[in-house]
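File shown: protein-v4.cif (mmCIF, C-alpha atoms).
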```cif
data_entry
#
loop_
_atom_site.label_atom_id
_atom_site.label_comp_id
_atom_site.auth_asym_id
_atom_site.auth_seq_id
_atom_site.Cartn_x
_atom_site.Cartn_y
_atom_site.Cartn_z
CA ALA A 244 -5.45 -8.24 14.35
CA GLN A 245 -6.89 -5.67 12.01
CA THR A 246 -8.38 -6.99 8.79
CA VAL A 247 -9.61 -5.31 5.65
CA THR A 248 -12.09 -7.08 3.37
CA GLN A 249 -12.89 -6.18 -0.21
CA SER A 250 -15.68 -8.49 -1.31
CA GLN A 251 -15.66 -7.60 -5.02
CA PRO A 252 -12.69 -9.18 -6.85
CA GLU A 253 -13.64 -7.53 -10.15
CA MET A 254 -16.04 -4.86 -11.37
CA SER A 255 -16.87 -3.23 -14.68
CA VAL A 256 -18.43 0.13 -15.47
CA GLN A 257 -19.26 2.03 -18.62
CA GLU A 258 -17.41 5.22 -19.29
CA ALA A 259 -19.12 8.27 -17.73
CA GLU A 260 -21.15 6.15 -15.31
CA THR A 261 -20.79 5.81 -11.54
CA VAL A 262 -19.38 2.81 -9.70
CA THR A 263 -19.01 1.99 -6.01
CA LEU A 264 -16.31 -0.25 -4.57
CA SER A 265 -16.93 -1.85 -1.17
CA CYS A 266 -14.64 -2.21 1.80
CA THR A 267 -15.19 -3.37 5.35
CA TYR A 268 -12.68 -3.53 8.15
CA ASP A 269 -12.36 -4.85 11.64
CA THR A 270 -10.78 -2.98 14.53
CA SER A 271 -11.30 -2.30 18.21
CA GLU A 272 -9.67 1.10 17.97
CA ASN A 273 -11.57 4.37 17.92
CA ASN A 274 -8.99 6.54 16.16
CA TYR A 275 -7.65 5.41 12.82
CA TYR A 276 -7.31 6.30 9.16
CA LEU A 277 -8.69 4.71 6.03
CA PHE A 278 -7.34 5.00 2.52
CA TRP A 279 -8.08 4.03 -1.04
CA TYR A 280 -5.07 3.40 -3.26
CA LYS A 281 -5.11 2.93 -7.01
CA GLN A 282 -2.66 0.63 -8.78
CA PRO A 283 -2.77 0.97 -12.60
CA PRO A 284 -1.01 -1.53 -14.89
CA SER A 285 2.16 0.52 -14.42
CA ARG A 286 2.26 -1.00 -10.90
CA GLN A 287 2.60 2.40 -9.25
CA MET A 288 0.67 2.85 -5.98
CA ILE A 289 -1.31 6.09 -6.02
CA LEU A 290 -3.22 7.52 -3.07
CA VAL A 291 -6.77 8.31 -4.16
CA ILE A 292 -8.46 9.48 -0.98
CA ARG A 293 -8.08 9.43 2.79
CA GLN A 294 -10.59 9.48 5.66
CA GLU A 295 -9.90 10.16 9.33
CA ALA A 296 -12.18 8.15 11.60
CA TYR A 297 -12.93 11.00 13.98
CA LYS A 298 -14.29 13.11 11.13
CA GLN A 299 -17.94 12.49 10.39
CA GLN A 300 -17.86 14.25 7.04
CA ASN A 301 -17.12 11.98 4.10
CA ALA A 302 -13.95 12.82 2.20
CA THR A 303 -14.17 13.97 -1.41
CA GLU A 304 -11.47 14.40 -4.06
CA ASN A 305 -12.87 15.60 -7.38
CA ARG A 306 -14.70 12.59 -8.91
CA PHE A 307 -13.85 10.34 -5.96
CA SER A 308 -15.83 10.26 -2.74
CA VAL A 309 -16.27 7.86 0.14
CA ASN A 310 -19.19 6.65 2.21
CA PHE A 311 -17.75 6.13 5.68
CA GLN A 312 -20.01 4.28 8.09
CA LYS A 313 -18.03 4.01 11.33
CA ALA A 314 -20.54 1.95 13.29
CA ALA A 315 -20.83 -0.54 10.43
CA LYS A 316 -17.04 -0.43 9.81
CA SER A 317 -17.66 0.24 6.16
CA PHE A 318 -15.66 2.45 3.81
CA SER A 319 -16.85 2.41 0.19
CA LEU A 320 -15.37 4.37 -2.71
CA LYS A 321 -17.61 6.03 -5.29
CA ILE A 322 -16.16 7.02 -8.63
CA SER A 323 -18.35 9.40 -10.62
CA ASP A 324 -18.10 10.06 -14.35
CA SER A 325 -15.79 7.07 -14.79
CA GLN A 326 -12.93 7.51 -17.23
CA LEU A 327 -10.83 4.97 -19.11
CA GLY A 328 -7.85 6.05 -17.02
CA ASP A 329 -9.64 4.85 -13.90
CA THR A 330 -9.03 1.25 -14.99
CA ALA A 331 -6.83 -0.16 -12.24
CA MET A 332 -6.67 -2.33 -9.14
CA TYR A 333 -8.10 -0.46 -6.14
CA PHE A 334 -6.96 -1.24 -2.62
CA CYS A 335 -8.67 -0.27 0.59
CA ALA A 336 -6.23 0.21 3.48
CA PHE A 337 -6.46 0.80 7.21
CA ARG A 338 -4.00 2.42 9.57
CA GLU A 339 -4.44 2.93 13.28
CA TYR A 340 -2.24 5.14 15.39
CA GLY A 341 0.67 2.74 14.96
CA ASN A 342 2.74 2.40 11.86
CA LYS A 343 1.23 -0.53 10.04
CA LEU A 344 -0.88 0.01 6.97
CA VAL A 345 -3.07 -3.06 6.37
CA PHE A 346 -4.36 -3.64 2.85
CA GLY A 347 -7.36 -5.47 1.48
CA ALA A 348 -6.96 -7.96 -1.38
CA GLY A 349 -8.04 -5.40 -3.96
CA THR A 350 -10.77 -4.91 -6.56
CA ILE A 351 -9.98 -4.84 -10.26
CA LEU A 352 -11.98 -2.09 -11.93
CA ARG A 353 -12.41 -2.05 -15.71
CA VAL A 354 -13.88 1.01 -17.38
CA LYS A 355 -15.40 0.19 -20.76
CA SER A 356 -15.84 2.58 -23.67
CA ASN B 201 12.60 15.51 -6.48
CA ALA B 202 12.84 11.77 -7.20
CA GLY B 203 10.67 10.56 -4.28
CA VAL B 204 11.19 6.87 -3.49
CA THR B 205 13.57 5.03 -5.80
CA GLN B 206 13.86 1.25 -5.93
CA THR B 207 16.46 -0.80 -7.75
CA PRO B 208 16.47 -3.12 -9.58
CA LYS B 209 13.11 -3.12 -11.37
CA PHE B 210 13.31 -6.81 -12.22
CA ARG B 211 15.42 -9.70 -11.00
CA ILE B 212 15.52 -13.46 -11.43
CA LEU B 213 17.23 -15.48 -8.71
CA LYS B 214 18.02 -19.14 -8.37
CA ILE B 215 16.97 -20.96 -5.21
CA GLY B 216 19.51 -20.35 -2.44
CA GLN B 217 20.99 -17.19 -3.93
CA SER B 218 21.11 -13.92 -2.02
CA MET B 219 20.40 -10.38 -3.05
CA THR B 220 19.69 -6.92 -1.73
CA LEU B 221 16.82 -4.77 -2.91
CA GLN B 222 17.78 -1.13 -2.70
CA CYS B 223 15.48 1.68 -1.62
CA THR B 224 16.31 5.34 -1.20
CA GLN B 225 14.17 8.42 -0.61
CA ASP B 226 15.05 12.08 -0.89
CA MET B 227 12.13 13.54 1.07
CA ASN B 228 13.80 13.37 4.49
CA HIS B 229 11.11 10.98 5.69
CA ASN B 230 11.63 9.28 9.02
CA TYR B 231 9.43 6.26 8.33
CA MET B 232 10.22 3.65 5.72
CA TYR B 233 8.54 0.35 4.87
CA TRP B 234 8.94 -2.78 2.80
CA TYR B 235 5.86 -4.53 1.42
CA ARG B 236 5.42 -7.54 -0.81
CA GLN B 237 2.54 -8.06 -3.20
CA ASP B 238 1.73 -11.58 -4.31
CA PRO B 239 -0.32 -12.05 -7.51
CA GLY B 240 -3.92 -10.91 -7.09
CA MET B 241 -3.35 -9.96 -3.49
CA GLY B 242 -2.94 -6.85 -1.39
CA LEU B 243 0.33 -5.67 0.08
CA LYS B 244 1.77 -7.28 3.18
CA LEU B 245 4.24 -5.52 5.44
CA ILE B 246 7.65 -7.19 5.73
CA TYR B 247 9.67 -4.71 7.83
CA TYR B 248 9.49 -1.07 8.72
CA SER B 249 11.69 1.60 10.28
CA VAL B 250 10.80 4.72 12.24
CA GLY B 251 14.23 6.28 11.92
CA ALA B 252 17.91 5.60 11.35
CA GLY B 253 19.08 2.68 13.48
CA ILE B 254 15.55 1.48 14.31
CA THR B 255 13.77 -1.36 12.53
CA ASP B 256 10.88 -3.65 13.39
CA LYS B 257 9.12 -6.68 11.95
CA GLY B 258 5.89 -6.53 10.05
CA GLU B 259 3.46 -9.33 9.15
CA VAL B 260 5.77 -11.48 7.01
CA PRO B 261 9.43 -10.94 8.05
CA ASN B 262 10.73 -14.51 7.75
CA GLY B 263 13.48 -14.89 5.16
CA TYR B 264 14.31 -11.18 5.08
CA ASN B 265 16.59 -8.74 6.85
CA VAL B 266 16.80 -4.96 6.83
CA SER B 267 19.07 -2.21 8.04
CA ARG B 268 18.66 1.55 8.35
CA SER B 269 22.03 3.22 8.71
CA THR B 270 20.89 6.51 7.16
CA THR B 271 17.60 8.38 6.88
CA GLU B 272 17.65 8.01 3.10
CA ASP B 273 18.32 4.30 2.62
CA PHE B 274 16.44 1.18 3.66
CA PRO B 275 17.78 -1.94 1.89
CA LEU B 276 16.01 -5.31 2.07
CA ARG B 277 18.18 -8.42 2.14
CA LEU B 278 17.15 -11.90 1.01
CA GLU B 279 19.72 -14.39 2.29
CA LEU B 280 18.56 -17.75 0.86
CA ALA B 281 16.04 -17.14 -1.86
CA ALA B 282 13.05 -19.51 -2.00
CA PRO B 283 10.25 -19.83 -4.60
CA SER B 284 7.80 -18.52 -1.99
CA GLN B 285 9.61 -15.18 -2.18
CA THR B 286 8.58 -14.68 -5.78
CA SER B 287 6.63 -11.44 -5.55
CA VAL B 288 6.61 -7.75 -6.30
CA TYR B 289 8.35 -5.74 -3.59
CA PHE B 290 7.43 -2.18 -2.76
CA CYS B 291 9.36 0.28 -0.66
CA ALA B 292 7.49 3.24 0.83
CA SER B 293 8.17 6.19 3.08
CA SER B 294 6.20 8.69 5.12
CA TYR B 295 7.04 11.77 7.11
CA ALA B 296 5.22 10.63 10.23
CA GLY B 297 3.51 7.58 11.60
CA GLY B 298 -0.20 7.00 12.06
CA GLY B 299 -2.34 8.25 9.20
CA ARG B 300 -1.41 11.90 9.32
CA SER B 301 1.02 11.64 6.44
CA PRO B 302 0.38 9.38 3.47
CA LEU B 303 2.80 6.75 2.23
CA HIS B 304 4.86 7.47 -0.87
CA PHE B 305 5.61 4.31 -2.80
CA GLY B 306 8.42 3.35 -5.12
CA ASN B 307 7.61 1.67 -8.44
CA GLY B 308 8.34 -1.82 -7.18
CA THR B 309 10.80 -4.63 -7.87
CA ARG B 310 9.53 -7.79 -9.53
CA LEU B 311 11.46 -10.75 -8.16
CA THR B 312 11.24 -14.28 -9.50
CA VAL B 313 12.92 -17.19 -7.71
CA THR B 314 13.32 -20.37 -9.76
#
```

Please go through the file and, once you have read it, give me the structure as structure tokens.
Amino acid sequence: AQTVTQSQPEMSVQEAETVTLSCTYDTSENNYYLFWYKQPPSRQMILVIRQEAYKQQNATENRFSVNFQKAAKSFSLKISDSQLGDTAMYFCAFREYGNKLVFGAGTILRVKS
Amino acid sequence: NAGVTQTPKFRILKIGQSMTLQCTQDMNHNYMYWYRQDPGMGLKLIYYSVGAGITDKGEVPNGYNVSRSTTEDFPLRLELAAPSQTSVYFCASSYAGGGRSPLHFGNGTRLTVT
């Protein structure tokens, strides 16, 4: 079974600084997708960024970028120029060709002013 | 365009009661999903559907039932509520399977069973 591990239950960062959230996963598949979702206190699930495993180039969305290491099965999220609105729970998720999206346990990120 | 709409937002049930969590989407998505999120945890898949009339079990289906009579609606039924079903429930939809199209989530239903 596929598993997703987020080893950092909580992290803090000062406003305007950079923070990296870690994620590792386990799969025997070669083609799959990886995602980072943000869940603010409003409880809404918001897609932050997506990476396709067959693409070697790391995905980037404005201040958010990933470091995808396929051989190491690692998929970390870097948030640059952190803002107070980035305070949220962040979930790493994995989806192979099938229909099941598997989530990690999440990392609580607190941005401090 | 409302996206994915879940009702109710909150509900308190007594042990043994039944209820249906409603989910509807107006994006003409074929795929729909039900997840539960326990405190401090990630989301776990309960059931999913790849189209009207087709449903399948996810990781944690016990104690739940679903139906998909239309493309728009995907209700989740709890027949005999138990304290272990206290959780936040999310409905989601996507246009296609795999990772080609992202999931769109509803705002969740917080259910407490006492």

For this session: List the residues selected by the PyMOL selection byres ((chain B) within 8 of (chain A)) in the file shown, writing them as an MDAnalysis selection string.
Result: chainID B and resid 240:245 258 297:299 302 305:308

Exercise. In terms of the shortest atom-to-atom distance over all atoms listed in the file, which of B:Lys209, B:Gln285, B:Gly216, B:Phe274 is closest to Asn262 of chain B?
Worked result: B:Gln285

Nearby residues, (14.5, 14.9, 9.6) file frame, 12 Å, all atoms listed in the file, as a compact mmCIF listing (two decimals) with C-alpha atoms, in the coordinates of the input:
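Okay, part-v3.txt is ready:
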```
# COMPACT_ATOMS: atom_id res chain seq x y z
CA ASP B 226 15.05 12.08 -0.89
CA MET B 227 12.13 13.54 1.07
CA ASN B 228 13.80 13.37 4.49
CA HIS B 229 11.11 10.98 5.69
CA ASN B 230 11.63 9.28 9.02
CA TYR B 231 9.43 6.26 8.33
CA VAL B 250 10.80 4.72 12.24
CA GLY B 251 14.23 6.28 11.92
CA ALA B 252 17.91 5.60 11.35
CA THR B 270 20.89 6.51 7.16
CA THR B 271 17.60 8.38 6.88
CA GLU B 272 17.65 8.01 3.10
CA SER B 294 6.20 8.69 5.12
CA TYR B 295 7.04 11.77 7.11
CA ALA B 296 5.22 10.63 10.23
```

Exercise. Quick one: distance from atom CA of Lys355 of chain A to atom CA of Phe318 of chain A in Å, one decimal?
Worked result: 24.7 Å

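Selection check: the PyMOL selection byres ((chain A and resi 324) around 9) on the shown file gives A:Glu258, A:Ala259, A:Glu260, A:Thr261, A:Val262, A:Arg306, A:Ile322, A:Ser323, A:Ser325, A:Gln326.
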
Pull the neighbourhood of (-18.8, -0.2, 15.4) for me: all residues within 9 Å in file coordinates, counting only C-alpha atoms, as a PDB file with C-alpha atoms, in the coordinates of the input.
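To be explicit, this is the file written out as part_4.pdb:
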```pdb
ATOM      1  CA  ASP A 269     -12.360  -4.850  11.640  1.00  0.00           C
ATOM      2  CA  THR A 270     -10.780  -2.980  14.530  1.00  0.00           C
ATOM      3  CA  SER A 271     -11.300  -2.300  18.210  1.00  0.00           C
ATOM      4  CA  ASN A 273     -11.570   4.370  17.920  1.00  0.00           C
ATOM      5  CA  GLN A 312     -20.010   4.280   8.090  1.00  0.00           C
ATOM      6  CA  LYS A 313     -18.030   4.010  11.330  1.00  0.00           C
ATOM      7  CA  ALA A 314     -20.540   1.950  13.290  1.00  0.00           C
ATOM      8  CA  ALA A 315     -20.830  -0.540  10.430  1.00  0.00           C
ATOM      9  CA  LYS A 316     -17.040  -0.430   9.810  1.00  0.00           C
TER      10      LYS A 316
END
```
